Amino acid sequence: MITLEKLAKLPRSQQLRKVAKITEDMERRCAASFSCSNTELQYLARVVQYLSNDVEFSHAARNALQGAHVILARAKIAEPSTDELRRALNTVRHIVLAETGRAQADWDFIESSGYLDPSKRFPYSGMQVYLEDIRSPFNVGSMFRAAESFGVEKVWLSPLCADPNHKRAQRTAMGCIDVLPWERLCDDPFTSTNIPFGEVPVFVLETSGIPLKEFQFPSKGILIAGSEELGVSPNALVAADHSLGRVSIPSYGAKASLNVSVAFGIVMQAWAAALHTAANDVR
């Protein structure tokens, strides 16, 4: 580790980059349950104290750095998973990164290992989704994460849907793409003579449909979520109107719309809750 004396002689931009790297390394080790030595913690405490005296930081940032310094200074090889220690490291890292002018995104966030144990999945049988022409890898990853969280059995992708293996989708999904079965279709299932969904009922997430609280979610079916720009295709709408229909999320703001992955997550939670309630009623 660079000494505090040498760090202080570097241009401010280089100082910030080095501190960001140090805190990122320590935070990743904490997230992976690897301990940090007393020497490392005390070193970082001195570095953070030095930064807290930098008047180029905002008042709020300096106060936060001072608080982090107190936590680091008293840490004694604390369990790396200790929330207080992790929050201190996280606070320092994000303050420093923001000061460098670097825009932070989801993939900058540090979580525990992205590996998920498939044996711990208990999906609802027959609960499936179809992502129709979702163009953003970010949205695809986010939708996989929501789908896994709420018990989806399988994800179908349209021929032109963004690739779940794209690095941005993988980062956003946090391991969910690897444990959730998915399949890309070669043709539009609502125009092809070889319809892969067979007799499975379908419904769409779209405006001007049945309000979320009034919609009757099926025990088995496929939810269709469409393009960020154009929504669900006309063919899919026709198929849904002849099946389970349309579900809508009431909104009350001027924009009156949501990001597709956010809307998808809301509907998936409602569907999972309905299935959970039904299962308990049977018992």
# chains A, B, ... in the order shown; residues from 1 in each chain; ligands from 1
>>> closest_atom_pairs(of="stretch 42-68 of chain A", to="stretch 21-34 of chain A", cutoff="12 Å", atoms="only C-alpha atoms", output="JSON lines")
{"residue": "A:Tyr43", "atom": "CA", "partner": "A:Ile22", "partner_atom": "CA", "distance": 10.4}
{"residue": "A:Leu44", "atom": "CA", "partner": "A:Thr23", "partner_atom": "CA", "distance": 7.9}
{"residue": "A:Ala45", "atom": "CA", "partner": "A:Thr23", "partner_atom": "CA", "distance": 10.7}
{"residue": "A:Val47", "atom": "CA", "partner": "A:Ile22", "partner_atom": "CA", "distance": 10.2}
{"residue": "A:Val48", "atom": "CA", "partner": "A:Thr23", "partner_atom": "CA", "distance": 10.0}
{"residue": "A:Ala68", "atom": "CA", "partner": "A:Thr23", "partner_atom": "CA", "distance": 11.7}
>>> residues_around(residues="stretch 269-282 of chain A", least_positions_apart="3", cutoff="8 Å", atoms="only C-alpha atoms", output="mmCIF file with N, CA and C atoms, in the first residue's frame")
data_model
loop_
_atom_site.group_PDB
_atom_site.id
_atom_site.type_symbol
_atom_site.label_atom_id
_atom_site.label_comp_id
_atom_site.auth_asym_id
_atom_site.auth_seq_id
_atom_site.Cartn_x
_atom_site.Cartn_y
_atom_site.Cartn_z
ATOM 1 N N TYR A 124 -42.877 -21.544 -9.318
ATOM 2 C CA TYR A 124 -44.270 -21.946 -9.470
ATOM 3 C C TYR A 124 -44.415 -22.668 -10.811
ATOM 4 N N PHE A 150 -39.394 -13.894 -8.062
ATOM 5 C CA PHE A 150 -40.814 -14.170 -7.833
ATOM 6 C C PHE A 150 -41.266 -15.546 -8.326
ATOM 7 N N GLY A 151 -40.307 -16.420 -8.603
ATOM 8 C CA GLY A 151 -40.655 -17.813 -8.836
ATOM 9 C C GLY A 151 -41.023 -18.225 -10.244
ATOM 10 N N LEU A 212 -54.403 -3.683 -11.933
ATOM 11 C CA LEU A 212 -53.635 -4.748 -11.288
ATOM 12 C C LEU A 212 -54.414 -5.453 -10.172
ATOM 13 N N PHE A 217 -55.166 -13.420 -11.866
ATOM 14 C CA PHE A 217 -53.958 -14.093 -12.344
ATOM 15 C C PHE A 217 -54.185 -15.600 -12.439
ATOM 16 N N SER A 219 -53.286 -19.741 -12.609
ATOM 17 C CA SER A 219 -52.378 -20.661 -11.919
ATOM 18 C C SER A 219 -51.242 -21.065 -12.852
ATOM 19 N N GLY A 265 -41.585 -5.995 -12.748
ATOM 20 C CA GLY A 265 -41.385 -6.434 -11.372
ATOM 21 C C GLY A 265 -42.639 -6.278 -10.526
ATOM 22 N N ILE A 266 -43.364 -5.182 -10.732
ATOM 23 C CA ILE A 266 -44.595 -4.949 -9.978
ATOM 24 C C ILE A 266 -45.633 -6.025 -10.287
#
>>> atom_distance(atom1="atom CA of A:Phe215", atom2="atom CA of A:Val247")
6.3 Å
>>> select_by_dssp(residues="stretch 45-254 of chain A", states="helix (DSSP H, G or I)", output="PyMOL selection string")
chain A and resi 45-52+59-74+83-99+106-108+118-120+137-149+167-173+176-179+212-214+234-241
>>> closest_residue(among="A:Gln128, A:Ser37, A:Ser257, A:Asn63", to="A:Pro218", atoms="only C-alpha atoms")
A:Gln128
>>> atom_distance(atom1="atom CA of A:Asn235", atom2="atom CA of A:Phe190")
5.9 Å
>>> atom_distance(atom1="atom CA of A:Ala240", atom2="atom CA of A:Arg145")
24.5 Å
>>> select_by_dssp(residues="stretch 144-234 of chain A", states="strand (DSSP E)", output="PyMOL selection string")
chain A and resi 154-157+182-184+202-211+221-225
>>> write_last_selection(atoms="C-alpha atoms", output="compact mmCIF listing (two decimals), in the first residue's frame")
# COMPACT_ATOMS: atom_id res chain seq x y z
CA LYS A 154 -39.08 -20.27 -17.51
CA VAL A 155 -38.34 -17.18 -19.59
CA TRP A 156 -39.04 -17.11 -23.33
CA LEU A 157 -37.30 -14.55 -25.54
CA TRP A 182 -34.69 -19.58 -20.77
CA GLU A 183 -35.10 -20.12 -24.48
CA ARG A 184 -34.97 -17.86 -27.51
CA VAL A 202 -51.32 -15.72 -22.24
CA PHE A 203 -51.80 -12.18 -20.96
CA VAL A 204 -49.97 -8.93 -21.59
CA LEU A 205 -48.62 -6.10 -19.50
CA GLU A 206 -50.03 -3.07 -21.29
CA THR A 207 -51.92 0.16 -20.75
CA SER A 208 -55.73 0.31 -20.96
CA GLY A 209 -56.13 -3.11 -19.41
CA ILE A 210 -57.64 -4.48 -16.22
CA PRO A 211 -56.22 -2.69 -13.16
CA GLY A 221 -49.84 -18.94 -17.99
CA ILE A 222 -47.39 -16.70 -19.81
CA LEU A 223 -47.02 -12.99 -19.14
CA ILE A 224 -45.92 -11.00 -22.20
CA ALA A 225 -43.88 -7.84 -21.69
>>> closest_residue(among="A:Pro118, A:Pro159, A:Gly126, A:Gly226", to="A:Phe197", atoms="only C-alpha atoms")
A:Gly126
>>> residues_around(residues="A:Leu230", least_positions_apart="6", cutoff="12 Å", atoms="only C-alpha atoms", output="list in words")
Glu132, Asp133, Ile134, Arg135, Glu206, Thr207 and Val260 of chain A
